[in-house]
Each structure stands twice: as C-alpha cells, then as structure tokens.
Amino acid sequence: MKRLVKLGCLAGAFCLLFCACASKPEAEVNRSDFVLGTVCSISITSGGTEKILDEAFARLREIENRMSANKEGTEIAAINEASGKKPVTVTPDTFYVISKALEYAQKTNGAFDPTVEPLVKLWNIGSEDAKVPPLSKIKSALALIDYKKVQMDPDKLTVYLPVPGMRLDLGAIAKGYAADEIEKIMVANKVKSAIIDLGGNVFVYGKKKDGTPWRVGIQNPYSDRGEYIGLVTGGQMTVVTSGVYERYFIENGKRYHHILDTKTGFPVDNGLISVSIVTESSIDADALSTSVFALGLDKGMKLVESLKDVYAIFIDSNNKVYLSPGTNKIFTLTDNKFSLSDYK
Ligand code: ADP
Ligand code: MG
C-alpha cells in the first residue's frame with residue numbers, strides 16, 4: 001500500500017514536472033502556502049508554470065525573512081534589537097518598505113505608525129492567551145511610539161531607532177509590498193492572468209481568459225472568509241481590506257481587534273468595522289486600508305479624496321456602506337443586510 005502511494009506520488013510529481021516543462025500558454029496552476037503570517041494563494045489562470053510559482057513563493061519567503069518582526073534573524077529584528085545602540089544596514093527591499101510606512105505615518109499624522117510594535121506585542125492579538133493589558137504597560141508602550149524619531153540614511157541604507165525599546169512592525173504594509181513583487185514576477189514571466197491572494201490582500205493581474213472583467217468580493221465583516229457584501233468590477237487592480245474581524249479576541253463581551261490606536265493604546269474604536277481600498281499598487285492599498293481605518297470615516301475619506309486613482313469602501317457598525325467619490329462606478333452592493341449611505 002505504502003509503495004503504491006509512493007509510486008502514485010512519483011507519478012504525480014513526474015506529471016507535474018512534465019506539465020511544467022511542456023507548459024502551454026493557457027496553462028493553469030495554483031498553490032497555497034503559509035507565508036507572511038497568513039495563507040497565501042497564487043492562482044495563475046493563464047500562462048502559468050510550476051516554476052513561476054516556485055519563484056513567487058521563494059520571493060514571499062524572502063520578504064518574510066527580511067521584514068517579519070516576529071521571526072528571529074530578520075532585518076526588522078536586527079533593527080529592533082539595535083534600538084538605542086546603532087544603525088543597521090538593510091536591503092533596498094526593507095529600506096523601501098520602511099520609507100513607505102513612514103510616508104503613511106506622515107500622511108496620517110501618526111494614526112498609522114510602523115513604530116507601533118511595542119503596543120502590538122503587548123496586546124498580542126491573534127495569540128490564544130490575548131487579554132487586555134494593564135494600563136501602566138499600555139502607557140509605557142505608547143511612550144515608545146513615534147515615527148518621527150526613525151532615522152533613515154538612503155546613502156548607507158541604514159535604519160536607526162534612537163530610543164532603547166523602540167521597535168518596528170511592518171504587518172500593516174508588508175503583504176501589500178509582497179503582492180506588488182509577485183506582480184513583477186508575473187510580468188517578467190509573461191503571465192497572462194493571475195489571482196494573487198495574500199491572506200485577503202488581493203491582486204488580480206492581467207486579463208481574464210474569457211475577456212470578462214475581474215470581480216473581487218468585499219468580505220462580509222461578520223462572517224467567515226468567502227462571504228461578500230458586494231463586488232468590485234474592473235481590470236487589473238488590487239483590493240485590500242482592514243477590518244475588526246481579521247484578528248481579535250473577546251473579553252467581558254467586548255471585542256478587541258488588531259488595529260491599534262496610537263493615541264489611546266487601545267484597538268481603534270471609531271464606529272468603522274472595515275475599510276477596503278481599491279487601487280493599482282498593493283503597498284499603497286495595504287498601508288491605506290490600515291491608515292484610513294485608523295483615521296475613521298471623516299479624516300479617512302479626506303485622505304482618500306486627496307489621492308489619485310484610489311477608491312474606498314467603508315462599512316460601519318450600523319451596516320452602512322460609504323463610498324469615496326467615483327467608487328459607485330466599480331462597486332455593486334449585493335447583500336441587502338447592508339445599505340449604501342451618502343457621505344456628506
Ligand atoms: P491584516 O494584515 O491583518 O490584513 P492590516 O493590514 O490592517 O491587517 O494590518 C494590521 C497589522 O498592522 C496589525 O496586526 C499590527 O501588526 C499592525 N498595526 C496595528 N495597528 C497599527 C497602526 N496604528 N499603525 C501601523 N500598523 C499597525
Ligand atoms: Mg494594511
């Protein structure tokens with residue numbers, strides 16, 4: 001029996017190899033794996049090979065190994081360990097993502113702040129033993145958060161956190177960067193169409209085989225992955241959502257989610273339950289979904305309005321859906337438990 005299974009596997013592997021080598025332009029390949037702290041799926045729906053998927057997943061792992069704050073030996077870990085001591089040289093990859101994160105920190109006046117790590121670590125949302133931390137500890141963590149203090153040297157590619165205990169966390173932006181990097185691999189390999197889904201950070205690439213536009217679902221914030229409140233229709237685009245449902249725990253009937261208010265030290269509590277951003281670049285969409293969520297409906301809407309080719313879908317706790325200008329042309333609400341509201 002074991003032997004049969006083995007033979008079967010070998011035959012399967014051979015077939016895969018064979019198919020990969022003799023790839024047709026229409027070839028369809030899929031793969032899912034746990035990388036960047038989430039399930040990442042890449043589905044090349046036209047023009048794919050296993051080799052392209054190998055390259056794509058190797059790149060995702062490389063990004064994780066450079067930018068994760070929760071893994072030993074990453075560049076972010078090195079910067080964090082050297083806080084208050086010395087600058088650390090990083091790869092252009094990491095330097096770019098930190099610079100982008102700081103750009104959004106500036107745009108949001110610190111509502112989005114990559115130095116939020118001590119607070120993220122303290123709340124530990126997503127782990128099994130997460131609970132509301134003592135106020136004193138929240139205060140000490142808050143005292144370490146200040147993006148303005150991060151020192152970047154573009155000539156030497158160094159990053160320095162000048163206060164001991166300061167730490168970076170790129171969890172709100174790294175997946176977006178990763179999706180853009182996978183897009184580059186698709187372009188380089190002349191892939192015709194692909195769906196890149198990095199834990200809900202979606203990038204639909206190229207043109208669909210049947211010529212119809214892409215349709216990307218906007219997750220229903222109350223149900224499991226896979227249920228949608230509406231659809232975004234269009235050509236190549238990225239759709240990224242930040243919401244209260246991604247990671248959370250419940251204590252005494254109250255829900256504590258993973259986007260933290262850098263002023264109060266508690267999870268952002270502004271009546272929004274999710275914000276989806278639709279645009280061309282995934283690093284911007286990822287940073288913006290978190291930024292706009294943290295800013296709230298009014299300030300968040302203003303930020304989106306100030307940017308070109310960026311569309312936003314806000315959902316609040318009353319099931320009201322607000323769209324930024326122009327978004328009504330690409331978004332259709334399909335779940336009648338939610339209703340579109342005018343934003344004034
Ligand atoms: P997800 O990655 O779960 O899809 P987000 O992109 O919105 O969701 O990122 C949330 C993550 O960003 C948190 O898990 C945490 O690591 C980090 N984070 C939390 N609060 C902030 C904040 N105010 N600014 C920047 N990053 C944050
Ligand atoms: Mg984000």
# chains A, B, ... in the order shown; residues from 1 in each chain; ligands from 1
$ residues_around --residues "stretch 235-251 of chain A" --least-positions-apart "2" --cutoff "6 Å" --atoms "only C-alpha atoms" --output "PyMOL selection string"
chain A and resi 125-126+201-206+213-214+221+253-258+273-280+282+285-286+289-290
$ residues_around --residues "stretch 149-163 of chain A" --least-positions-apart "6" --cutoff "8 Å" --atoms "only C-alpha atoms" --output "compact mmCIF listing (two decimals) with N, CA, C and O atoms, in the first residue's frame"
# COMPACT_ATOMS: atom_id res chain seq x y z
N ILE A 79 17.08 45.55 13.40
CA ILE A 79 16.87 46.99 13.68
C ILE A 79 16.32 47.13 15.10
O ILE A 79 16.76 47.99 15.88
N ASN A 80 15.34 46.28 15.44
CA ASN A 80 14.70 46.36 16.75
C ASN A 80 15.68 46.06 17.88
O ASN A 80 15.69 46.74 18.91
N ALA A 82 18.77 46.56 17.82
CA ALA A 82 19.81 47.60 17.89
C ALA A 82 19.25 48.96 18.30
O ALA A 82 19.96 49.97 18.25
N SER A 83 17.98 49.00 18.72
CA SER A 83 17.40 50.31 19.07
C SER A 83 18.15 50.91 20.25
O SER A 83 18.51 50.20 21.20
N GLY A 84 18.45 52.21 20.13
CA GLY A 84 19.21 52.89 21.18
C GLY A 84 20.70 52.59 21.14
O GLY A 84 21.47 53.14 21.93
N LYS A 85 21.09 51.71 20.21
CA LYS A 85 22.52 51.35 20.15
C LYS A 85 23.18 51.80 18.86
O LYS A 85 24.12 52.58 18.87
N LYS A 86 22.68 51.28 17.73
CA LYS A 86 23.37 51.63 16.48
C LYS A 86 22.46 51.45 15.25
O LYS A 86 21.51 50.66 15.30
N PRO A 87 22.80 52.16 14.16
CA PRO A 87 22.04 51.96 12.91
C PRO A 87 22.35 50.58 12.33
O PRO A 87 23.42 50.03 12.55
N VAL A 88 21.39 50.05 11.56
CA VAL A 88 21.55 48.73 10.94
C VAL A 88 21.39 48.87 9.43
O VAL A 88 20.49 49.55 8.95
N THR A 89 22.29 48.22 8.69
CA THR A 89 22.20 48.26 7.23
C THR A 89 21.19 47.20 6.78
O THR A 89 21.23 46.07 7.26
N VAL A 90 20.31 47.60 5.87
CA VAL A 90 19.29 46.67 5.38
C VAL A 90 19.33 46.58 3.86
O VAL A 90 20.04 47.36 3.20
N THR A 91 18.57 45.65 3.28
CA THR A 91 18.47 45.54 1.82
C THR A 91 17.57 46.68 1.30
O THR A 91 16.76 47.22 2.06
N PRO A 92 17.70 47.01 0.01
CA PRO A 92 16.84 48.06 -0.56
C PRO A 92 15.36 47.74 -0.36
O PRO A 92 14.54 48.65 -0.15
N PHE A 95 14.41 48.78 3.16
CA PHE A 95 14.53 50.24 3.26
C PHE A 95 13.33 50.91 2.60
O PHE A 95 12.74 51.85 3.14
N SER A 99 10.45 53.15 4.39
CA SER A 99 10.25 54.53 3.92
C SER A 99 8.78 54.77 3.58
O SER A 99 8.22 55.83 3.91
$ residues_near_ligand --ligand "ligand 1" --cutoff "6 Å" --atoms "only C-alpha atoms and all ligand atoms" --output "list in words"
Ala111, Phe112, Asp113, Pro114, Val116, Val120, Asp169, Gly171, Ala172, Ile173, Ser242, Glu246, His258, Ile259, Leu260, Asp261, Thr262, Asp286 and Thr290 of chain A
$ write_last_selection --atoms "N, CA and C atoms" --output "PDB file, in the first residue's frame"
ATOM      1  N   ALA A 111      -1.468  58.218  12.923  1.00  0.00           N
ATOM      2  CA  ALA A 111      -2.523  57.217  13.185  1.00  0.00           C
ATOM      3  C   ALA A 111      -2.036  55.861  12.667  1.00  0.00           C
ATOM      4  N   PHE A 112      -1.353  55.905  11.536  1.00  0.00           N
ATOM      5  CA  PHE A 112      -0.615  54.742  11.037  1.00  0.00           C
ATOM      6  C   PHE A 112       0.826  54.967  11.478  1.00  0.00           C
ATOM      7  N   ASP A 113       1.395  54.045  12.203  1.00  0.00           N
ATOM      8  CA  ASP A 113       2.762  54.260  12.681  1.00  0.00           C
ATOM      9  C   ASP A 113       3.501  52.926  12.780  1.00  0.00           C
ATOM     10  N   PRO A 114       4.556  52.744  11.944  1.00  0.00           N
ATOM     11  CA  PRO A 114       5.264  51.455  11.971  1.00  0.00           C
ATOM     12  C   PRO A 114       6.066  51.224  13.253  1.00  0.00           C
ATOM     13  N   VAL A 116       4.718  51.031  16.031  1.00  0.00           N
ATOM     14  CA  VAL A 116       3.655  50.581  16.943  1.00  0.00           C
ATOM     15  C   VAL A 116       3.987  49.227  17.614  1.00  0.00           C
ATOM     16  N   VAL A 120       1.730  46.407  19.809  1.00  0.00           N
ATOM     17  CA  VAL A 120       1.250  45.178  19.148  1.00  0.00           C
ATOM     18  C   VAL A 120       1.685  43.968  19.978  1.00  0.00           C
ATOM     19  N   ASP A 169       7.198  47.432  13.253  1.00  0.00           N
ATOM     20  CA  ASP A 169       6.306  46.353  12.846  1.00  0.00           C
ATOM     21  C   ASP A 169       5.736  46.736  11.479  1.00  0.00           C
ATOM     22  N   GLY A 171       3.649  44.871   9.739  1.00  0.00           N
ATOM     23  CA  GLY A 171       2.494  43.990   9.499  1.00  0.00           C
ATOM     24  C   GLY A 171       1.373  44.632   8.704  1.00  0.00           C
ATOM     25  N   ALA A 172       1.293  45.953   8.716  1.00  0.00           N
ATOM     26  CA  ALA A 172       0.190  46.618   8.028  1.00  0.00           C
ATOM     27  C   ALA A 172       0.527  46.972   6.587  1.00  0.00           C
ATOM     28  N   ILE A 173       1.739  46.663   6.145  1.00  0.00           N
ATOM     29  CA  ILE A 173       2.161  47.116   4.810  1.00  0.00           C
ATOM     30  C   ILE A 173       2.933  46.052   4.020  1.00  0.00           C
ATOM     31  N   SER A 242      -8.992  46.206   5.603  1.00  0.00           N
ATOM     32  CA  SER A 242      -8.607  46.136   7.017  1.00  0.00           C
ATOM     33  C   SER A 242      -9.887  46.152   7.811  1.00  0.00           C
ATOM     34  N   GLU A 246     -10.396  40.512  11.285  1.00  0.00           N
ATOM     35  CA  GLU A 246      -9.202  39.769  10.878  1.00  0.00           C
ATOM     36  C   GLU A 246      -8.588  39.007  12.050  1.00  0.00           C
ATOM     37  N   HIS A 258      -7.171  44.037  16.015  1.00  0.00           N
ATOM     38  CA  HIS A 258      -5.711  44.183  15.897  1.00  0.00           C
ATOM     39  C   HIS A 258      -5.191  45.497  15.315  1.00  0.00           C
ATOM     40  N   ILE A 259      -6.073  46.470  15.022  1.00  0.00           N
ATOM     41  CA  ILE A 259      -5.540  47.759  14.571  1.00  0.00           C
ATOM     42  C   ILE A 259      -5.598  48.711  15.757  1.00  0.00           C
ATOM     43  N   LEU A 260      -4.437  49.175  16.160  1.00  0.00           N
ATOM     44  CA  LEU A 260      -4.348  49.863  17.443  1.00  0.00           C
ATOM     45  C   LEU A 260      -4.273  51.372  17.287  1.00  0.00           C
ATOM     46  N   ASP A 261      -4.914  52.044  18.224  1.00  0.00           N
ATOM     47  CA  ASP A 261      -4.950  53.497  18.238  1.00  0.00           C
ATOM     48  C   ASP A 261      -3.672  53.984  18.917  1.00  0.00           C
ATOM     49  N   THR A 262      -2.844  54.688  18.145  1.00  0.00           N
ATOM     50  CA  THR A 262      -1.526  55.095  18.655  1.00  0.00           C
ATOM     51  C   THR A 262      -1.636  56.246  19.661  1.00  0.00           C
ATOM     52  N   ASP A 286      -2.481  48.510   0.951  1.00  0.00           N
ATOM     53  CA  ASP A 286      -2.343  47.894   2.271  1.00  0.00           C
ATOM     54  C   ASP A 286      -2.121  48.971   3.338  1.00  0.00           C
ATOM     55  N   THR A 290      -5.209  50.229   6.358  1.00  0.00           N
ATOM     56  CA  THR A 290      -4.965  50.361   7.796  1.00  0.00           C
ATOM     57  C   THR A 290      -5.039  51.836   8.210  1.00  0.00           C
TER      58      THR A 290
END
$ select_by_dssp --residues "stretch 62-291 of chain A" --states "strand (DSSP E)" --output "NGL selection string"
:A and (88-89 or 151-153 or 158-160 or 193-198 or 201-206 or 214-219 or 228-234 or 237-243 or 248-251 or 254-257 or 272-279)
$ closest_residue --among "A:Pro133, A:Gly199, A:Gly230, A:Gly110" --to "A:Ser32" --atoms "only C-alpha atoms"
A:Gly199
$ atom_distance --atom1 "atom CA of A:Asp93" --atom2 "atom CA of A:Phe57"
16.2 Å
$ residues_around --residues "A:Ser41" --least-positions-apart "4" --cutoff "9 Å" --atoms "only C-alpha atoms" --output "ChimeraX atom specification"
/A:30-34,195-199
$ write_last_selection --atoms "C-alpha atoms" --output "mmCIF file, in the first residue's frame"
data_model
loop_
_atom_site.group_PDB
_atom_site.id
_atom_site.type_symbol
_atom_site.label_atom_id
_atom_site.label_comp_id
_atom_site.auth_asym_id
_atom_site.auth_seq_id
_atom_site.Cartn_x
_atom_site.Cartn_y
_atom_site.Cartn_z
ATOM 1 C CA ASN A 30 -2.388 27.123 -8.263
ATOM 2 C CA ARG A 31 -0.562 26.985 -4.967
ATOM 3 C CA SER A 32 -1.321 27.930 -1.366
ATOM 4 C CA ASP A 33 1.141 28.075 1.482
ATOM 5 C CA PHE A 34 1.529 29.667 4.897
ATOM 6 C CA ILE A 195 -5.114 35.958 -8.839
ATOM 7 C CA ILE A 196 -2.724 36.759 -6.012
ATOM 8 C CA ASP A 197 -4.367 36.451 -2.597
ATOM 9 C CA LEU A 198 -2.065 37.050 0.342
ATOM 10 C CA GLY A 199 -4.391 36.497 3.285
#
$ atom_distance --atom1 "atom CA of A:Leu119" --atom2 "atom CA of A:Thr74"
19.7 Å
$ closest_residue --among "A:Tyr147, A:Phe266, A:Tyr177, A:Tyr322" --to "ligand 2" --atoms "only C-alpha atoms and all ligand atoms"
A:Tyr177
$ atom_distance --atom1 "atom CA of A:Tyr222" --atom2 "atom CA of A:Lys337"
11.2 Å
$ closest_residue --among "A:Leu122, A:Leu297, A:Val97, A:Val292" --to "ligand 2" --atoms "only C-alpha atoms and all ligand atoms"
A:Val292
$ residues_around --residues "A:Gln219" --least-positions-apart "4" --cutoff "7 Å" --atoms "only C-alpha atoms" --output "MDAnalysis selection string"
chainID A and resid 225:229
$ write_last_selection --atoms "N, CA, C and O atoms" --output "PDB file, in the first residue's frame"
ATOM      1  N   ARG A 225     -14.406  34.066   6.035  1.00  0.00           N
ATOM      2  CA  ARG A 225     -13.898  34.379   4.710  1.00  0.00           C
ATOM      3  C   ARG A 225     -14.742  33.701   3.640  1.00  0.00           C
ATOM      4  O   ARG A 225     -15.138  32.564   3.789  1.00  0.00           O
ATOM      5  N   GLY A 226     -15.023  34.395   2.579  1.00  0.00           N
ATOM      6  CA  GLY A 226     -15.753  33.763   1.489  1.00  0.00           C
ATOM      7  C   GLY A 226     -17.144  34.352   1.299  1.00  0.00           C
ATOM      8  O   GLY A 226     -17.744  34.184   0.266  1.00  0.00           O
ATOM      9  N   GLU A 227     -17.676  35.067   2.316  1.00  0.00           N
ATOM     10  CA  GLU A 227     -18.983  35.708   2.120  1.00  0.00           C
ATOM     11  C   GLU A 227     -18.780  37.180   1.830  1.00  0.00           C
ATOM     12  O   GLU A 227     -18.031  37.854   2.533  1.00  0.00           O
ATOM     13  N   TYR A 228     -19.483  37.650   0.834  1.00  0.00           N
ATOM     14  CA  TYR A 228     -19.230  39.012   0.373  1.00  0.00           C
ATOM     15  C   TYR A 228     -20.422  39.924   0.562  1.00  0.00           C
ATOM     16  O   TYR A 228     -21.551  39.484   0.497  1.00  0.00           O
ATOM     17  N   ILE A 229     -20.188  41.189   0.763  1.00  0.00           N
ATOM     18  CA  ILE A 229     -21.299  42.136   0.829  1.00  0.00           C
ATOM     19  C   ILE A 229     -21.504  42.794  -0.533  1.00  0.00           C
ATOM     20  O   ILE A 229     -22.537  43.372  -0.796  1.00  0.00           O
TER      21      ILE A 229
END
$ closest_residue --among "A:Leu53, A:Ile42, A:Leu170, A:Ala194" --to "A:Ala69" --atoms "only C-alpha atoms"
A:Leu170
$ closest_residue --among "A:Gly234, A:Gly47, A:Gly200, A:Pro118" --to "ligand 2" --atoms "only C-alpha atoms and all ligand atoms"
A:Gly200
$ closest_residue --among "A:Arg66, A:Ala105, A:Asp284, A:Arg61" --to "ligand 2" --atoms "only C-alpha atoms and all ligand atoms"
A:Asp284
$ select_by_dssp --residues "stretch 99-261 of chain A" --states "alpha helix (DSSP H)" --output "number ranges by chain"
A: 99-107, 117-123, 135-143, 174-188
